[in-house]
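Content type TSV, C-alpha atoms, from the file target-v5.tsv:
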chain	number	residue	atom	x	y	z
W	1	MET	CA	31.10	0.56	16.59
W	2	ASN	CA	27.35	-0.08	16.33
W	3	THR	CA	26.73	-2.18	13.23
W	4	GLN	CA	23.89	0.16	12.25
W	5	THR	CA	24.66	3.58	10.78
W	6	VAL	CA	22.73	5.87	13.13
W	7	THR	CA	23.86	9.20	11.66
W	8	GLN	CA	21.62	10.42	8.87
W	9	LEU	CA	23.34	10.03	5.53
W	10	PRO	CA	23.51	12.56	2.68
W	11	MET	CA	21.56	12.12	-0.54
W	12	PRO	CA	23.51	10.07	-3.08
W	13	PRO	CA	24.48	12.04	-6.21
W	14	HIS	CA	22.02	10.19	-8.50
W	15	PHE	CA	18.90	11.26	-6.56
W	16	ASP	CA	16.94	14.08	-8.23
W	17	ASN	CA	13.76	15.12	-6.43
W	18	GLU	CA	12.53	16.84	-9.59
W	19	LYS	CA	12.23	13.42	-11.26
W	20	VAL	CA	10.00	11.83	-8.61
W	21	GLU	CA	6.83	12.68	-10.56
W	22	GLN	CA	8.22	11.13	-13.76
W	23	VAL	CA	8.35	7.58	-15.13
W	24	TRP	CA	11.73	6.33	-16.32
W	25	ARG	CA	14.00	3.27	-16.47
W	26	VAL	CA	16.26	2.61	-13.50
W	27	PRO	CA	19.86	1.89	-14.67
W	28	TYR	CA	20.25	-1.17	-12.46
W	29	GLN	CA	23.88	-2.13	-13.07
W	30	GLU	CA	25.11	1.43	-12.63
W	31	ARG	CA	23.10	1.85	-9.40
W	32	ALA	CA	24.33	-1.51	-8.11
W	33	SER	CA	27.96	-0.43	-8.45
W	34	GLN	CA	27.21	2.92	-6.88
W	35	ALA	CA	25.37	1.30	-3.98
W	36	ARG	CA	28.32	-0.88	-3.05
W	37	ALA	CA	30.69	2.10	-3.29
W	38	TRP	CA	28.28	4.18	-1.17
W	39	ALA	CA	28.15	1.46	1.48
W	40	LYS	CA	31.94	1.33	1.63
W	41	LEU	CA	32.25	5.13	1.78
W	42	HIS	CA	29.80	5.43	4.69
W	43	ASP	CA	30.65	2.16	6.46
W	44	ILE	CA	27.16	0.76	5.89
W	45	GLN	CA	27.09	-2.86	7.04
W	46	PRO	CA	24.95	-5.71	5.68
W	47	ALA	CA	21.44	-5.79	7.14
W	48	ALA	CA	22.11	-9.21	8.66
W	49	LYS	CA	24.32	-7.48	11.26
W	50	ASP	CA	21.57	-5.15	12.50
W	51	LYS	CA	21.05	-5.33	16.25
W	52	ILE	CA	17.72	-3.53	15.98
W	53	ARG	CA	15.70	-4.58	12.94
W	54	PHE	CA	13.52	-2.04	11.12
W	55	CYS	CA	11.07	-2.88	8.34
W	56	LEU	CA	9.72	-0.16	6.07
W	57	MET	CA	6.39	-1.12	4.49
W	58	ALA	CA	5.70	1.10	1.48
W	59	ILE	CA	2.04	0.62	0.57
W	60	ASP	CA	1.04	0.85	-3.11
W	61	VAL	CA	3.60	3.47	-4.13
W	62	GLN	CA	2.77	2.78	-7.76
W	63	ASN	CA	2.41	4.96	-10.83
W	64	THR	CA	-1.36	4.41	-10.94
W	65	PHE	CA	-1.71	6.28	-7.59
W	66	CYS	CA	1.31	8.58	-7.63
W	67	ILE	CA	1.75	10.08	-11.12
W	68	PRO	CA	-0.69	12.91	-12.02
W	69	GLU	CA	-1.69	11.67	-15.49
W	70	PHE	CA	-2.37	8.13	-14.27
W	71	GLU	CA	-5.70	6.59	-13.25
W	72	LEU	CA	-6.11	7.22	-9.51
W	73	PHE	CA	-3.61	9.93	-8.62
W	74	VAL	CA	-3.79	10.66	-4.88
W	75	ALA	CA	-3.73	14.44	-4.90
W	76	GLY	CA	-4.59	15.05	-1.25
W	77	LYS	CA	-5.55	18.55	-0.13
W	78	SER	CA	-2.55	20.16	-1.82
W	79	GLY	CA	-3.18	18.71	-5.28
W	80	THR	CA	0.35	17.25	-5.35
W	81	GLY	CA	0.02	14.95	-2.34
W	82	ALA	CA	1.53	11.69	-3.59
W	83	ILE	CA	4.40	13.47	-5.38
W	84	ASP	CA	5.42	15.36	-2.25
W	85	ASP	CA	4.99	12.23	-0.13
W	86	ASN	CA	7.31	10.27	-2.42
W	87	VAL	CA	10.01	12.92	-2.42
W	88	ARG	CA	10.04	12.68	1.38
W	89	LEU	CA	9.87	8.87	1.31
W	90	CYS	CA	12.84	8.55	-1.04
W	91	GLU	CA	14.82	11.00	1.08
W	92	PHE	CA	13.88	9.03	4.21
W	93	ILE	CA	15.24	5.81	2.68
W	94	TYR	CA	18.52	7.38	1.60
W	95	ARG	CA	19.07	9.23	4.89
W	96	ASN	CA	18.39	6.08	6.91
W	97	LEU	CA	19.97	3.53	4.59
W	98	GLY	CA	22.13	2.17	7.40
W	99	VAL	CA	19.20	1.70	9.77
W	100	ILE	CA	16.41	0.25	7.60
W	101	THR	CA	16.85	-3.51	7.66
W	102	ALA	CA	14.21	-4.50	5.10
W	103	ILE	CA	11.77	-2.81	2.74
W	104	ALA	CA	8.42	-4.42	1.91
W	105	PRO	CA	6.59	-2.66	-0.95
W	106	THR	CA	3.00	-3.75	-1.49
W	107	MET	CA	1.74	-3.92	-5.06
W	108	ASP	CA	-1.94	-3.39	-5.83
W	109	THR	CA	-2.44	-5.84	-8.69
W	110	HIS	CA	-5.52	-6.05	-10.92
W	111	THR	CA	-6.93	-7.54	-14.10
W	112	ALA	CA	-9.94	-6.23	-16.00
W	113	MET	CA	-12.69	-8.59	-14.79
W	114	GLN	CA	-12.82	-7.85	-11.07
W	115	ILE	CA	-15.79	-7.04	-8.87
W	116	PHE	CA	-14.86	-3.34	-8.54
W	117	HIS	CA	-14.30	-2.68	-12.27
W	118	PRO	CA	-17.02	-1.42	-14.68
W	119	VAL	CA	-17.11	-4.50	-16.93
W	120	PHE	CA	-18.23	-6.70	-14.03
W	121	TRP	CA	-21.63	-4.94	-13.78
W	122	ILE	CA	-24.46	-4.03	-16.15
W	123	ASN	CA	-27.88	-2.36	-15.91
W	124	HIS	CA	-31.14	-2.99	-17.82
W	125	ALA	CA	-29.94	-0.74	-20.65
W	126	GLY	CA	-26.75	-2.77	-21.05
W	127	GLU	CA	-24.59	0.03	-19.65
W	128	HIS	CA	-21.65	-0.37	-17.31
W	129	PRO	CA	-21.40	1.82	-14.19
W	130	LEU	CA	-19.33	4.98	-14.45
W	131	PRO	CA	-16.02	4.48	-12.65
W	132	ALA	CA	-15.28	6.67	-9.61
W	133	ALA	CA	-18.84	8.03	-9.83
W	134	THR	CA	-20.75	4.86	-8.92
W	135	ILE	CA	-21.15	3.28	-5.51
W	136	LEU	CA	-23.10	0.03	-5.52
W	137	THR	CA	-25.29	-0.30	-2.45
W	138	LEU	CA	-26.95	-3.42	-1.11
W	139	GLU	CA	-30.29	-2.00	-2.25
W	140	ASP	CA	-28.97	-1.50	-5.81
W	141	VAL	CA	-28.06	-5.16	-6.11
W	142	GLU	CA	-31.16	-6.46	-4.34
W	143	LYS	CA	-33.43	-4.49	-6.69
W	144	GLY	CA	-31.43	-5.37	-9.80
W	145	VAL	CA	-30.43	-1.77	-10.55
W	146	TRP	CA	-27.02	-3.31	-11.20
W	147	LYS	CA	-26.49	-6.99	-12.03
W	148	VAL	CA	-23.43	-9.05	-12.77
W	149	ASN	CA	-22.55	-8.88	-16.45
W	150	PRO	CA	-23.31	-12.41	-17.82
W	151	ALA	CA	-20.41	-12.08	-20.25
W	152	VAL	CA	-17.81	-12.18	-17.45
W	153	ALA	CA	-19.12	-15.38	-15.83
W	154	ASP	CA	-17.19	-17.72	-18.12
W	155	SER	CA	-13.83	-16.14	-17.27
W	156	ILE	CA	-14.46	-15.96	-13.53
W	157	VAL	CA	-16.58	-18.97	-12.48
W	158	GLY	CA	-16.57	-21.22	-15.53
W	159	GLY	CA	-19.86	-19.92	-16.93
W	160	ASN	CA	-22.05	-20.34	-13.82
W	161	TYR	CA	-23.82	-16.98	-13.94
W	162	GLN	CA	-26.27	-17.69	-11.12
W	163	THR	CA	-23.41	-18.55	-8.78
W	164	LEU	CA	-21.67	-15.28	-9.62
W	165	GLN	CA	-24.86	-13.22	-9.18
W	166	LYS	CA	-25.48	-14.90	-5.83
W	167	HIS	CA	-21.93	-14.08	-4.78
W	168	ALA	CA	-22.36	-10.44	-5.77
W	169	LEU	CA	-25.43	-10.04	-3.55
W	170	HIS	CA	-23.66	-11.84	-0.71
W	171	TYR	CA	-20.61	-9.62	-1.19
W	172	VAL	CA	-22.38	-6.27	-0.85
W	173	GLN	CA	-24.37	-7.70	2.08
W	174	GLN	CA	-21.12	-8.61	3.84
W	175	LEU	CA	-19.68	-5.13	3.28
W	176	SER	CA	-22.84	-3.57	4.68
W	177	ASP	CA	-22.98	-5.87	7.71
W	178	ALA	CA	-19.31	-5.23	8.55
W	179	GLY	CA	-19.66	-1.44	8.26
W	180	LYS	CA	-17.00	-1.31	5.55
W	181	TYR	CA	-16.81	1.03	2.58
W	182	PRO	CA	-19.64	0.24	0.13
W	183	LEU	CA	-18.55	-1.24	-3.18
W	184	THR	CA	-16.99	1.52	-5.26
W	185	ILE	CA	-16.59	1.06	-9.01
W	186	TRP	CA	-13.06	2.20	-9.73
W	187	PRO	CA	-11.41	3.06	-13.04
W	188	TYR	CA	-9.25	0.28	-14.44
W	189	HIS	CA	-6.03	0.74	-12.52
W	190	SER	CA	-2.88	-1.06	-11.33
W	191	MET	CA	-3.34	-3.36	-14.28
W	192	LEU	CA	-0.98	-6.33	-14.16
W	193	GLY	CA	1.59	-5.98	-16.91
W	194	GLY	CA	0.96	-2.27	-17.37
W	195	ILE	CA	3.02	0.82	-16.56
W	196	GLY	CA	0.53	1.88	-13.89
W	197	HIS	CA	1.27	-1.28	-11.91
W	198	ALA	CA	4.97	-0.46	-11.57
W	199	LEU	CA	6.50	1.23	-8.56
W	200	VAL	CA	7.22	4.93	-8.94
W	201	SER	CA	10.61	5.00	-10.66
W	202	ALA	CA	12.38	7.12	-8.04
W	203	LEU	CA	11.16	4.85	-5.25
W	204	GLU	CA	12.05	1.71	-7.19
W	205	GLU	CA	15.54	3.14	-7.57
W	206	ALA	CA	15.82	3.95	-3.86
W	207	ILE	CA	14.63	0.46	-2.90
W	208	PHE	CA	17.01	-1.20	-5.36
W	209	PHE	CA	19.87	0.95	-4.01
W	210	HIS	CA	18.99	-0.14	-0.47
W	211	ASN	CA	18.86	-3.78	-1.58
W	212	LEU	CA	22.40	-3.69	-2.96
W	213	ALA	CA	23.92	-1.39	-0.33
W	214	ARG	CA	22.69	-3.55	2.55
W	215	TYR	CA	22.41	-6.99	0.92
W	216	SER	CA	18.75	-6.99	1.89
W	217	GLN	CA	16.32	-8.65	-0.51
W	218	THR	CA	13.27	-6.48	-1.17
W	219	ARG	CA	10.11	-8.19	0.20
W	220	PHE	CA	7.46	-7.54	-2.46
W	221	GLU	CA	3.87	-8.26	-1.43
W	222	ILE	CA	1.17	-8.70	-4.12
W	223	LYS	CA	-2.46	-7.91	-3.28
W	224	GLY	CA	-5.73	-7.29	-5.07
W	225	ASP	CA	-5.69	-9.92	-7.84
W	226	ASN	CA	-8.74	-11.88	-6.58
W	227	PRO	CA	-11.69	-11.17	-8.95
W	228	LEU	CA	-14.30	-11.87	-6.25
W	229	THR	CA	-13.25	-9.37	-3.58
W	230	GLU	CA	-11.58	-6.03	-2.95
W	231	ASN	CA	-8.23	-5.92	-1.16
W	232	TYR	CA	-7.58	-2.48	0.31
W	233	SER	CA	-5.44	-4.05	3.04
W	234	VAL	CA	-2.42	-6.16	2.17
W	235	LEU	CA	-3.15	-8.27	5.25
W	236	GLN	CA	-6.60	-9.51	4.25
W	237	ALA	CA	-9.32	-9.09	1.64
W	238	GLU	CA	-12.54	-7.22	2.36
W	239	VAL	CA	-14.58	-10.44	2.26
W	240	LEU	CA	-13.00	-13.81	3.02
W	241	ALA	CA	-15.86	-16.26	2.36
W	242	GLY	CA	-18.42	-16.78	-0.40
W	243	SER	CA	-22.17	-17.25	-0.12
W	244	ASP	CA	-21.67	-20.97	0.50
W	245	GLY	CA	-19.36	-20.30	3.44
W	246	GLN	CA	-16.32	-21.56	1.57
W	247	PRO	CA	-13.17	-19.38	1.64
W	248	ILE	CA	-12.55	-17.15	-1.36
W	249	ALA	CA	-9.48	-15.50	0.18
W	250	ARG	CA	-7.20	-15.98	3.17
W	251	LYS	CA	-5.61	-13.70	5.72
W	252	ASN	CA	-1.96	-12.95	4.93
W	253	THR	CA	-0.71	-14.61	8.10
W	254	GLY	CA	2.80	-15.01	6.71
W	255	LEU	CA	3.28	-11.28	6.30
W	256	ILE	CA	1.67	-10.52	9.67
W	257	GLN	CA	4.09	-12.88	11.37
W	258	LYS	CA	7.10	-11.43	9.53
W	259	LEU	CA	6.17	-7.85	10.40
W	260	LEU	CA	5.75	-8.60	14.10
W	261	GLU	CA	9.18	-10.23	14.20
W	262	PHE	CA	10.82	-6.85	13.50
W	263	ASP	CA	11.74	-4.49	16.33
W	264	ALA	CA	10.02	-1.65	14.49
W	265	VAL	CA	7.63	-1.43	11.54
W	266	ILE	CA	7.51	1.85	9.61
W	267	ILE	CA	4.51	2.44	7.34
W	268	ALA	CA	4.04	4.91	4.47
W	269	GLY	CA	2.27	4.97	1.10
W	270	GLN	CA	-1.05	5.58	-0.61
W	271	ALA	CA	-3.78	6.27	0.07
W	272	LYS	CA	-3.98	7.31	3.72
W	273	SER	CA	-7.77	7.00	3.69
W	274	HIS	CA	-7.94	3.63	1.97
W	275	CYS	CA	-5.18	1.04	1.53
W	276	VAL	CA	-2.88	2.54	4.17
W	277	ALA	CA	-5.61	2.95	6.79
W	278	TRP	CA	-7.10	-0.49	6.12
W	279	THR	CA	-3.70	-2.21	6.35
W	280	ILE	CA	-2.89	-0.49	9.64
W	281	TYR	CA	-6.37	-1.30	10.96
W	282	ASP	CA	-5.85	-5.00	10.21
W	283	LEU	CA	-2.34	-4.96	11.69
W	284	LEU	CA	-3.67	-3.31	14.84
W	285	GLY	CA	-6.37	-5.97	15.12
W	286	GLU	CA	-3.72	-8.70	15.02
W	287	ILE	CA	-1.59	-6.85	17.58
W	288	GLN	CA	-4.47	-6.34	19.99
W	289	ALA	CA	-5.37	-10.02	19.76
W	290	LYS	CA	-1.78	-11.04	20.50
W	291	ASP	CA	-0.32	-8.33	22.75
W	292	PRO	CA	-1.55	-4.67	22.72
W	293	ASN	CA	1.93	-3.49	23.77
W	294	LEU	CA	3.24	-4.48	20.34
W	295	ALA	CA	1.51	-1.38	18.95
W	296	LYS	CA	4.46	0.63	20.26
W	297	LYS	CA	6.70	-0.91	17.61
W	298	VAL	CA	4.65	0.62	14.74
W	299	TYR	CA	5.63	4.03	13.33
W	300	LEU	CA	3.41	5.86	10.82
W	301	LEU	CA	5.18	8.32	8.51
W	302	GLU	CA	2.38	10.84	8.51
W	303	ASP	CA	4.12	13.13	6.00
W	304	CYS	CA	4.55	10.29	3.48
W	305	THR	CA	0.88	9.52	2.88
W	306	SER	CA	-2.15	11.46	1.59
W	307	PRO	CA	-5.92	10.88	1.56
W	308	VAL	CA	-8.18	10.56	-1.45
W	309	VAL	CA	-9.47	14.03	-2.38
W	310	VAL	CA	-11.40	14.84	-5.56
W	311	PRO	CA	-12.52	18.49	-5.36
W	312	GLY	CA	-16.28	18.79	-5.49
W	313	VAL	CA	-16.73	15.00	-5.42
W	314	ILE	CA	-15.11	13.44	-2.34
W	315	ASP	CA	-12.75	14.44	0.44
W	316	CYS	CA	-11.55	11.67	2.76
W	317	THR	CA	-9.17	13.87	4.77
W	318	ASP	CA	-11.21	13.87	7.96
W	319	GLN	CA	-11.77	10.11	7.88
W	320	ALA	CA	-8.07	9.49	7.32
W	321	ASP	CA	-7.00	11.82	10.12
W	322	GLU	CA	-9.51	10.27	12.50
W	323	ALA	CA	-8.20	6.79	11.67
W	324	PHE	CA	-4.64	7.89	12.44
W	325	ARG	CA	-5.77	9.40	15.75
W	326	ARG	CA	-7.30	6.03	16.66
W	327	PHE	CA	-4.07	4.26	15.75
W	328	ALA	CA	-2.09	6.67	17.93
W	329	SER	CA	-4.52	6.17	20.82
W	330	ALA	CA	-3.89	2.44	20.54
W	331	GLY	CA	-0.14	2.99	21.02
W	332	MET	CA	1.22	3.44	17.51
W	333	HIS	CA	3.50	6.42	16.88
W	334	LEU	CA	2.85	9.25	14.40
W	335	VAL	CA	6.24	10.50	13.20
W	336	LYS	CA	7.77	12.71	10.53
W	337	SER	CA	10.18	11.37	7.94
W	338	SER	CA	12.59	14.26	8.60
W	339	ASP	CA	12.98	13.40	12.29
W	340	PRO	CA	16.09	11.30	13.06
W	341	ILE	CA	15.02	7.74	13.85
W	342	ASP	CA	17.03	7.70	17.08
W	343	THR	CA	14.79	10.51	18.40
W	344	TRP	CA	11.58	8.56	17.83
W	345	PRO	CA	9.72	7.28	20.92
W	346	ASP	CA	10.68	3.79	22.16
W	347	ILE	CA	13.75	3.63	19.89
W	348	HIS	CA	17.07	2.86	21.57
W	349	LEU	CA	19.83	2.53	18.99
Written as structure tokens, that's how I'd like the structure from this file.
Amino acid sequence: MNTQTVTQLPMPPHFDNEKVEQVWRVPYQERASQARAWAKLHDIQPAAKDKIRFCLMAIDVQNTFCIPEFELFVAGKSGTGAIDDNVRLCEFIYRNLGVITAIAPTMDTHTAMQIFHPVFWINHAGEHPLPAATILTLEDVEKGVWKVNPAVADSIVGGNYQTLQKHALHYVQQLSDAGKYPLTIWPYHSMLGGIGHALVSALEEAIFFHNLARYSQTRFEIKGDNPLTENYSVLQAEVLAGSDGQPIARKNTGLIQKLLEFDAVIIAGQAKSHCVAWTIYDLLGEIQAKDPNLAKKVYLLEDCTSPVVVPGVIDCTDQADEAFRRFASAGMHLVKSSDPIDTWPDIHL
């Protein structure tokens, strides 16, 4: 018998799709016992025996992005985007428990004094920029419309305000030169130590269940805690060097190498227009530099991700869809979570 369970599995009794939009405590010991019993019932073997190795990367499936009353809920076009995505993602994990070798959740991780948070900046009136309504352009910083808040310099660069102001100008210049998103001032979100930082409870439970059922350690990846740069992509920060040419961040070469060692990499999460798209873009860049044919091993769960949409303010749907079309043109596969994995292109279980 193939060591991987190819047949799609039923939902375990504990899963309740009505609870996916809620925050609650996972009963770990109970789920651990149930996971081992579930593995025995369905002849699910340890992940170490997999002949074909699949990695699911779940990008920023955290309360801050996925629960409606939290800071940056990704509503998508439907208004319930992240909730619906996570129902499908949890179901995908449970149905394919015997096939998914490893799960790598990324965790957007922030503290208050970071370059994209309001407290970092100040105008002549002593006001901070309004979050989600302020985009800082190169011209804004050059003309002093917005300056670095002197009060944050001690915590970030040991009190050297001029160094921090010089970095800020360099930073927005680098974003402009690279054609990246301009610096957006975001609400305080994904705050380390807070409830918003945590994985969505239903997904945490599904990942924990997978961990115990398959003896596969969850591969958590932290990103976004550098105060001097944004980190949409888990693979590298938006800006890697400071104004003096010295590195302020490094490419996540360890994760890149691990991902490319798998036979297939499955990607889902939030938001399709930002952290998901930027991560895939960086992964594709690494693939094209190494071997463009490796793009065929990447599968994008298009029904488990949504773009940023704020009615009357911003709609990133078209940009997100265009990015995914480019990824598909490069050889990556756009798939649905409900499709059996053994029917996906280039999969031979």
| said: Give me, as a list in words, all polymer residues having an atom no more than 12 Å from Val313 (chain W), counting all atoms listed in the file and skipping those fewer than 2 positions away in the same chain. | reply: Ala132, Ala133, Thr134, Val308, Val309, Val310, Pro311, Asp315 and Cys316 of chain W
| field | Residue with smallest distance to Phe220 (chain W) - pool W:Gln288, W:Ser329, W:Thr109, W:Thr343, counting all atoms listed in the file | value |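 So, comparing all the options, the nearest one is W:Thr109.
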| task | Name the residues within 10 Å of (-2.0, -10.6, 7.3), counting all atoms listed in the file in the file's coordinates, and put them as a PyMOL selection string. | result | chain W and resi 233-237+250-259+279+282-283+286
Dump as CSV the rows for residues of region 51-81 of chain W within 9 Å of region 195-217 of chain W: closest atom pair and distance in Å with one decimal, all atoms listed in the file counted, ordered by chain and rising residue number.
residue,atom,partner,partner_atom,distance
W:Asp60,CA,W:Leu199,CA,7.7
W:Val61,CA,W:Leu199,CA,5.7
W:Gln62,CA,W:Leu199,CA,4.1
W:Asn63,CA,W:Gly196,CA,4.7
W:Thr64,CA,W:Gly196,CA,4.3
W:Phe65,CA,W:Gly196,CA,8.0
W:Cys66,CA,W:Val200,CA,7.1
W:Ile67,CA,W:Val200,CA,7.8
W:Phe70,CA,W:Gly196,CA,6.9
W:Glu71,CA,W:Gly196,CA,7.8
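Distances to Val239 (chain W) were evaluated for W:Met57, W:Ala178, W:Leu334, W:Val152 using only C-alpha atoms, and the minimum falls at W:Ala178.
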| region 347-349 of chain W: which residues within 10 Å, counting all atoms listed in the file, same-chain residues fewer than 4 positions away excluded, as a VMD selection string? | chain W and resid 2 4 to 6 51 to 52 99 263 to 264 296 to 297 341 to 343
| Between CA of Ile222 (chain W) and CA of Asp154 (chain W), what is the spacing in Å? |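 So the two atoms, CA of Asp154 (chain W) and CA of Ile222 (chain W), lie 24.8 Å apart.
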For Tyr232 (chain W), find every residue with an atom within 12 Å (counting all atoms listed in the file), except residues of its own chain fewer than 5 positions away, and show them as a JSON list (two decimals) with C-alpha atoms, in the coordinates of the input.
[["chain", "number", "residue", "atom", "x", "y", "z"],
["W", 59, "ILE", "CA", 2.04, 0.62, 0.57],
["W", 60, "ASP", "CA", 1.04, 0.85, -3.11],
["W", 106, "THR", "CA", 3.00, -3.75, -1.49],
["W", 107, "MET", "CA", 1.74, -3.92, -5.06],
["W", 108, "ASP", "CA", -1.94, -3.39, -5.83],
["W", 109, "THR", "CA", -2.44, -5.84, -8.69],
["W", 110, "HIS", "CA", -5.52, -6.05, -10.92],
["W", 116, "PHE", "CA", -14.86, -3.34, -8.54],
["W", 180, "LYS", "CA", -17.00, -1.31, 5.55],
["W", 181, "TYR", "CA", -16.81, 1.03, 2.58],
["W", 183, "LEU", "CA", -18.55, -1.24, -3.18],
["W", 184, "THR", "CA", -16.99, 1.52, -5.26],
["W", 222, "ILE", "CA", 1.17, -8.70, -4.12],
["W", 223, "LYS", "CA", -2.46, -7.91, -3.28],
["W", 224, "GLY", "CA", -5.73, -7.29, -5.07],
["W", 225, "ASP", "CA", -5.69, -9.92, -7.84],
["W", 226, "ASN", "CA", -8.74, -11.88, -6.58],
["W", 237, "ALA", "CA", -9.32, -9.09, 1.64],
["W", 238, "GLU", "CA", -12.54, -7.22, 2.36],
["W", 239, "VAL", "CA", -14.58, -10.44, 2.26],
["W", 270, "GLN", "CA", -1.05, 5.58, -0.61],
["W", 271, "ALA", "CA", -3.78, 6.27, 0.07],
["W", 272, "LYS", "CA", -3.98, 7.31, 3.72],
["W", 273, "SER", "CA", -7.77, 7.00, 3.69],
["W", 274, "HIS", "CA", -7.94, 3.63, 1.97],
["W", 275, "CYS", "CA", -5.18, 1.04, 1.53],
["W", 276, "VAL", "CA", -2.88, 2.54, 4.17],
["W", 277, "ALA", "CA", -5.61, 2.95, 6.79],
["W", 278, "TRP", "CA", -7.10, -0.49, 6.12],
["W", 279, "THR", "CA", -3.70, -2.21, 6.35],
["W", 280, "ILE", "CA", -2.89, -0.49, 9.64],
["W", 281, "TYR", "CA", -6.37, -1.30, 10.96],
["W", 282, "ASP", "CA", -5.85, -5.00, 10.21]]
| query | With all atoms listed in the file as the basis for distance, which of W:Pro227, W:Pro131, W:Gly158, W:Gly193 is at the shortest distance from Met113 (chain W)? | reply | W:Pro227
